[in-house]
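Chemist: This is data17.cif (mmCIF, C-alpha atoms; chains and numbers go by the auth columns).
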```cif
data_query
loop_
_atom_site.group_PDB
_atom_site.id
_atom_site.type_symbol
_atom_site.label_atom_id
_atom_site.label_comp_id
_atom_site.label_asym_id
_atom_site.label_seq_id
_atom_site.Cartn_x
_atom_site.Cartn_y
_atom_site.Cartn_z
_atom_site.B_iso_or_equiv
_atom_site.auth_seq_id
_atom_site.auth_asym_id
ATOM 1 C CA MET A 1 0.000 0.000 0.000 0.00 1 A
ATOM 2 C CA SER A 2 1.544 3.310 -1.032 0.00 2 A
ATOM 3 C CA ALA A 3 1.718 6.291 1.274 0.00 3 A
ATOM 4 C CA HIS A 4 -0.632 9.224 0.928 0.00 4 A
ATOM 5 C CA PRO A 5 0.941 11.744 -1.496 0.00 5 A
ATOM 6 C CA ASN A 6 0.792 14.574 1.086 0.00 6 A
ATOM 7 C CA TRP A 7 2.503 12.604 3.869 0.00 7 A
ATOM 8 C CA SER A 8 6.090 13.267 4.734 0.00 8 A
ATOM 9 C CA ALA A 9 8.605 10.535 3.999 0.00 9 A
ATOM 10 C CA ASN A 10 9.715 10.932 7.640 0.00 10 A
ATOM 11 C CA ARG A 11 6.218 10.322 9.028 0.00 11 A
ATOM 12 C CA PRO A 12 6.339 7.845 11.947 0.00 12 A
ATOM 13 C CA ARG A 13 4.991 4.398 11.149 0.00 13 A
ATOM 14 C CA ARG A 14 2.662 2.477 13.432 0.00 14 A
ATOM 15 C CA PRO A 15 4.377 -0.609 14.868 0.00 15 A
ATOM 16 C CA ASP A 16 2.939 -4.001 13.934 0.00 16 A
ATOM 17 C CA VAL A 17 2.318 -4.746 17.622 0.00 17 A
ATOM 18 C CA ASP A 18 1.767 -2.199 20.398 0.00 18 A
ATOM 19 C CA PRO A 19 5.011 -2.140 22.446 0.00 19 A
ATOM 20 C CA LEU A 20 3.158 -1.182 25.648 0.00 20 A
ATOM 21 C CA TYR A 21 0.922 -4.221 25.204 0.00 21 A
ATOM 22 C CA LEU A 22 4.006 -6.452 24.905 0.00 22 A
ATOM 23 C CA GLU A 23 5.440 -5.004 28.133 0.00 23 A
ATOM 24 C CA ILE A 24 2.173 -5.581 29.975 0.00 24 A
ATOM 25 C CA VAL A 25 1.868 -9.147 28.648 0.00 25 A
ATOM 26 C CA ASP A 26 5.382 -9.896 29.927 0.00 26 A
ATOM 27 C CA LEU A 27 4.299 -8.690 33.372 0.00 27 A
ATOM 28 C CA ILE A 28 1.032 -10.659 33.203 0.00 28 A
ATOM 29 C CA GLU A 29 2.974 -13.833 32.411 0.00 29 A
ATOM 30 C CA LYS A 30 5.265 -13.275 35.414 0.00 30 A
ATOM 31 C CA ASP A 31 2.305 -12.694 37.748 0.00 31 A
ATOM 32 C CA PRO A 32 1.749 -15.900 39.746 0.00 32 A
ATOM 33 C CA ARG A 33 -2.032 -15.541 40.022 0.00 33 A
ATOM 34 C CA SER A 34 -4.376 -17.709 37.977 0.00 34 A
ATOM 35 C CA THR A 35 -6.009 -16.310 34.862 0.00 35 A
ATOM 36 C CA PHE A 36 -9.339 -16.231 36.707 0.00 36 A
ATOM 37 C CA ALA A 37 -7.810 -14.289 39.619 0.00 37 A
ATOM 38 C CA LYS A 38 -6.156 -11.810 37.236 0.00 38 A
ATOM 39 C CA ALA A 39 -9.466 -11.334 35.430 0.00 39 A
ATOM 40 C CA ASN A 40 -11.340 -10.873 38.692 0.00 40 A
ATOM 41 C CA VAL A 41 -8.907 -8.227 39.955 0.00 41 A
ATOM 42 C CA SER A 42 -8.472 -6.388 36.646 0.00 42 A
ATOM 43 C CA GLY A 43 -12.011 -6.332 35.270 0.00 43 A
ATOM 44 C CA LEU A 44 -10.830 -7.949 32.045 0.00 44 A
ATOM 45 C CA SER A 45 -12.330 -11.240 30.933 0.00 45 A
ATOM 46 C CA PRO A 46 -10.335 -14.462 31.247 0.00 46 A
ATOM 47 C CA ALA A 47 -10.652 -14.779 27.451 0.00 47 A
ATOM 48 C CA THR A 48 -8.992 -11.385 26.987 0.00 48 A
ATOM 49 C CA ILE A 49 -6.105 -12.333 29.244 0.00 49 A
ATOM 50 C CA ASN A 50 -5.695 -15.660 27.437 0.00 50 A
ATOM 51 C CA ASN A 51 -5.791 -13.962 24.033 0.00 51 A
ATOM 52 C CA TRP A 52 -3.142 -11.504 25.162 0.00 52 A
ATOM 53 C CA THR A 53 -0.806 -14.146 26.546 0.00 53 A
ATOM 54 C CA MET A 54 -1.207 -16.175 23.360 0.00 54 A
ATOM 55 C CA ARG A 55 -0.266 -13.025 21.390 0.00 55 A
ATOM 56 C CA ARG A 56 -3.534 -13.044 19.432 0.00 56 A
ATOM 57 C CA VAL A 57 -3.915 -9.287 19.865 0.00 57 A
ATOM 58 C CA ARG A 58 -1.850 -6.605 18.185 0.00 58 A
ATOM 59 C CA HIS A 59 -3.417 -3.303 19.259 0.00 59 A
ATOM 60 C CA PRO A 60 -5.608 -3.626 22.368 0.00 60 A
ATOM 61 C CA GLN A 61 -7.805 -0.798 23.567 0.00 61 A
ATOM 62 C CA ALA A 62 -6.101 1.734 25.818 0.00 62 A
ATOM 63 C CA SER A 63 -8.737 1.221 28.521 0.00 63 A
ATOM 64 C CA SER A 64 -7.948 -2.510 28.606 0.00 64 A
ATOM 65 C CA LEU A 65 -4.229 -1.787 28.901 0.00 65 A
ATOM 66 C CA GLN A 66 -4.987 0.567 31.804 0.00 66 A
ATOM 67 C CA LEU A 67 -7.052 -2.096 33.603 0.00 67 A
ATOM 68 C CA ALA A 68 -4.268 -4.646 33.194 0.00 68 A
ATOM 69 C CA ALA A 69 -1.611 -2.167 34.333 0.00 69 A
ATOM 70 C CA ARG A 70 -3.570 -1.312 37.478 0.00 70 A
ATOM 71 C CA MET A 71 -4.025 -5.010 38.253 0.00 71 A
ATOM 72 C CA LEU A 72 -0.231 -5.311 38.098 0.00 72 A
ATOM 73 C CA GLY A 73 0.344 -2.273 40.333 0.00 73 A
ATOM 74 C CA TYR A 74 1.102 0.283 37.606 0.00 74 A
ATOM 75 C CA ASP A 75 -0.595 3.366 36.170 0.00 75 A
ATOM 76 C CA ILE A 76 -0.418 4.505 32.569 0.00 76 A
ATOM 77 C CA GLY A 77 -0.249 8.228 31.956 0.00 77 A
ATOM 78 C CA LEU A 78 1.071 10.881 29.642 0.00 78 A
ATOM 79 C CA ILE A 79 4.448 12.471 30.283 0.00 79 A
ATOM 80 C CA ALA A 80 5.288 15.744 28.565 0.00 80 A
ATOM 81 C CA ARG A 81 8.351 15.638 26.347 0.00 81 A
ATOM 82 C CA ARG A 82 11.082 18.165 26.620 0.00 82 A
ATOM 83 C CA ALA A 83 11.247 20.586 23.733 0.00 83 A
ATOM 84 C CA SER A 84 14.061 19.658 21.369 0.00 84 A
#
```
Will you turn the file into structure tokens for me?

Modeler:
Amino acid sequence: MSAHPNWSANRPRRPDVDPLYLEIVDLIEKDPRSTFAKANVSGLSPATINNWTMRRVRHPQASSLQLAARMLGYDIGLIARRAS
């Protein structure tokens, strides 16, 4: 698929898989709780957690990532960049 003619050649490209999702999945896999317990604490369904750990998802919803992060003891937020 060719790029839009008005887009810059230096335009950032979307990664194939969300890197934040991959970080969270690594933490989920290290968490000793059962899938059911993780689902119960996070508010996500057991099917969602299983799909994530089986890498069936590429770009999960931000709200789902936030629920999983909170279950693991983290918060997701925006941090302002320094001007370059």

Chemist: List, as number ranges by chain, every residue that the PyMOL selection byres ((chain A and resi 63-65) around 9) selects in the file provided.

Modeler: A: 20-21, 24, 42-44, 60-62, 66-70, 76

Chemist: Which one is closest to Pro15 of chain A: A:Asn50, A:Arg58, A:Ile28, A:Arg33? Count only C-alpha atoms.

Modeler: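 Nearest candidate to Pro15 of chain A out of A:Asn50, A:Arg58, A:Ile28, A:Arg33: A:Arg58.
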
Chemist: By how many Å are atom CA of Thr53 of chain A and atom CA of Asp26 of chain A apart?

Modeler: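 Separating atom CA of Thr53 of chain A from atom CA of Asp26 of chain A is a distance of 8.2 Å.
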
Chemist: Go ahead and compute the interatomic distance for atom CA of Val41 of chain A and atom CA of Gly77 of chain A, in Å to one decimal.

Modeler: 20.2 Å

Chemist: Between atom CA of Glu29 of chain A and atom CA of Ala80 of chain A, what distance in Å does the model show, to one decimal?

Modeler: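 Computing the Euclidean distance for atom CA of Glu29 of chain A and atom CA of Ala80 of chain A yields 29.9 Å.
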
Chemist: Looking at A:Ala9, A:Val17, A:Ala37, A:Leu27, which one is nearest to Gly73 of chain A, with distances taken over only C-alpha atoms?

Modeler: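 Of the candidates, the smallest distance to Gly73 of chain A is held by A:Leu27.
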
Chemist: Pick the closest to Leu22 of chain A from A:Met54, A:Ala39, A:Ala47, A:Met71: which is it, counting all atoms listed in the file?

Modeler: A:Met54

Chemist: Specify the axis-aligned box that encloses all atoms of segment 55-71 of chain A listed in the file after padding of 6 Å on each side, stating its centre and edge lengths in Å to one decimal as JSON.

Modeler:
```
{"center_x": -4.5, "center_y": -5.7, "center_z": 28.2, "size_x": 20.5, "size_y": 26.8, "size_z": 32.1}
```

Chemist: Would you mind putting N, CA, C and O atoms back on segment 21-38 of chain A and writing the result as a compact mmCIF listing (two decimals), in the coordinates of the input?

Modeler:
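File produced: rebuild.txt:
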```
# COMPACT_ATOMS: atom_id res chain seq x y z
N TYR A 21 1.63 -2.94 25.04
CA TYR A 21 0.92 -4.22 25.20
C TYR A 21 1.92 -5.35 25.47
O TYR A 21 1.71 -6.16 26.36
N LEU A 22 3.01 -5.39 24.71
CA LEU A 22 4.01 -6.45 24.90
C LEU A 22 4.64 -6.38 26.29
O LEU A 22 4.87 -7.41 26.93
N GLU A 23 4.90 -5.16 26.78
CA GLU A 23 5.44 -5.00 28.13
C GLU A 23 4.46 -5.52 29.18
O GLU A 23 4.83 -6.21 30.13
N ILE A 24 3.20 -5.16 29.02
CA ILE A 24 2.17 -5.58 29.98
C ILE A 24 1.99 -7.09 29.93
O ILE A 24 1.86 -7.74 30.98
N VAL A 25 2.01 -7.69 28.75
CA VAL A 25 1.87 -9.15 28.65
C VAL A 25 3.03 -9.84 29.35
O VAL A 25 2.83 -10.84 30.05
N ASP A 26 4.24 -9.31 29.21
CA ASP A 26 5.38 -9.90 29.93
C ASP A 26 5.14 -9.88 31.43
O ASP A 26 5.43 -10.86 32.13
N LEU A 27 4.59 -8.78 31.94
CA LEU A 27 4.30 -8.69 33.37
C LEU A 27 3.16 -9.63 33.77
O LEU A 27 3.21 -10.24 34.85
N ILE A 28 2.15 -9.75 32.93
CA ILE A 28 1.03 -10.66 33.20
C ILE A 28 1.55 -12.09 33.30
O ILE A 28 1.15 -12.85 34.19
N GLU A 29 2.44 -12.47 32.41
CA GLU A 29 2.97 -13.83 32.41
C GLU A 29 3.82 -14.12 33.65
O GLU A 29 3.88 -15.26 34.10
N LYS A 30 4.45 -13.09 34.20
CA LYS A 30 5.26 -13.28 35.41
C LYS A 30 4.42 -13.27 36.69
O LYS A 30 4.88 -13.71 37.73
N ASP A 31 3.20 -12.76 36.60
CA ASP A 31 2.31 -12.69 37.75
C ASP A 31 1.87 -14.11 38.11
O ASP A 31 1.37 -14.84 37.26
N PRO A 32 2.04 -14.51 39.37
CA PRO A 32 1.75 -15.90 39.75
C PRO A 32 0.26 -16.24 39.88
O PRO A 32 -0.08 -17.42 39.98
N ARG A 33 -0.61 -15.26 39.85
CA ARG A 33 -2.03 -15.54 40.02
C ARG A 33 -2.60 -16.30 38.82
O ARG A 33 -2.08 -16.22 37.71
N SER A 34 -3.69 -17.00 39.06
CA SER A 34 -4.38 -17.71 37.98
C SER A 34 -5.01 -16.70 37.02
O SER A 34 -5.22 -15.53 37.37
N THR A 35 -5.34 -17.16 35.84
CA THR A 35 -6.01 -16.31 34.86
C THR A 35 -7.32 -15.79 35.43
O THR A 35 -7.65 -14.60 35.29
N PHE A 36 -8.07 -16.66 36.12
CA PHE A 36 -9.34 -16.23 36.71
C PHE A 36 -9.11 -15.14 37.75
O PHE A 36 -9.84 -14.14 37.79
N ALA A 37 -8.10 -15.30 38.59
CA ALA A 37 -7.81 -14.29 39.62
C ALA A 37 -7.39 -12.97 38.98
O ALA A 37 -7.83 -11.89 39.41
N LYS A 38 -6.57 -13.03 37.94
CA LYS A 38 -6.16 -11.81 37.24
C LYS A 38 -7.37 -11.12 36.62
O LYS A 38 -7.49 -9.89 36.68
```
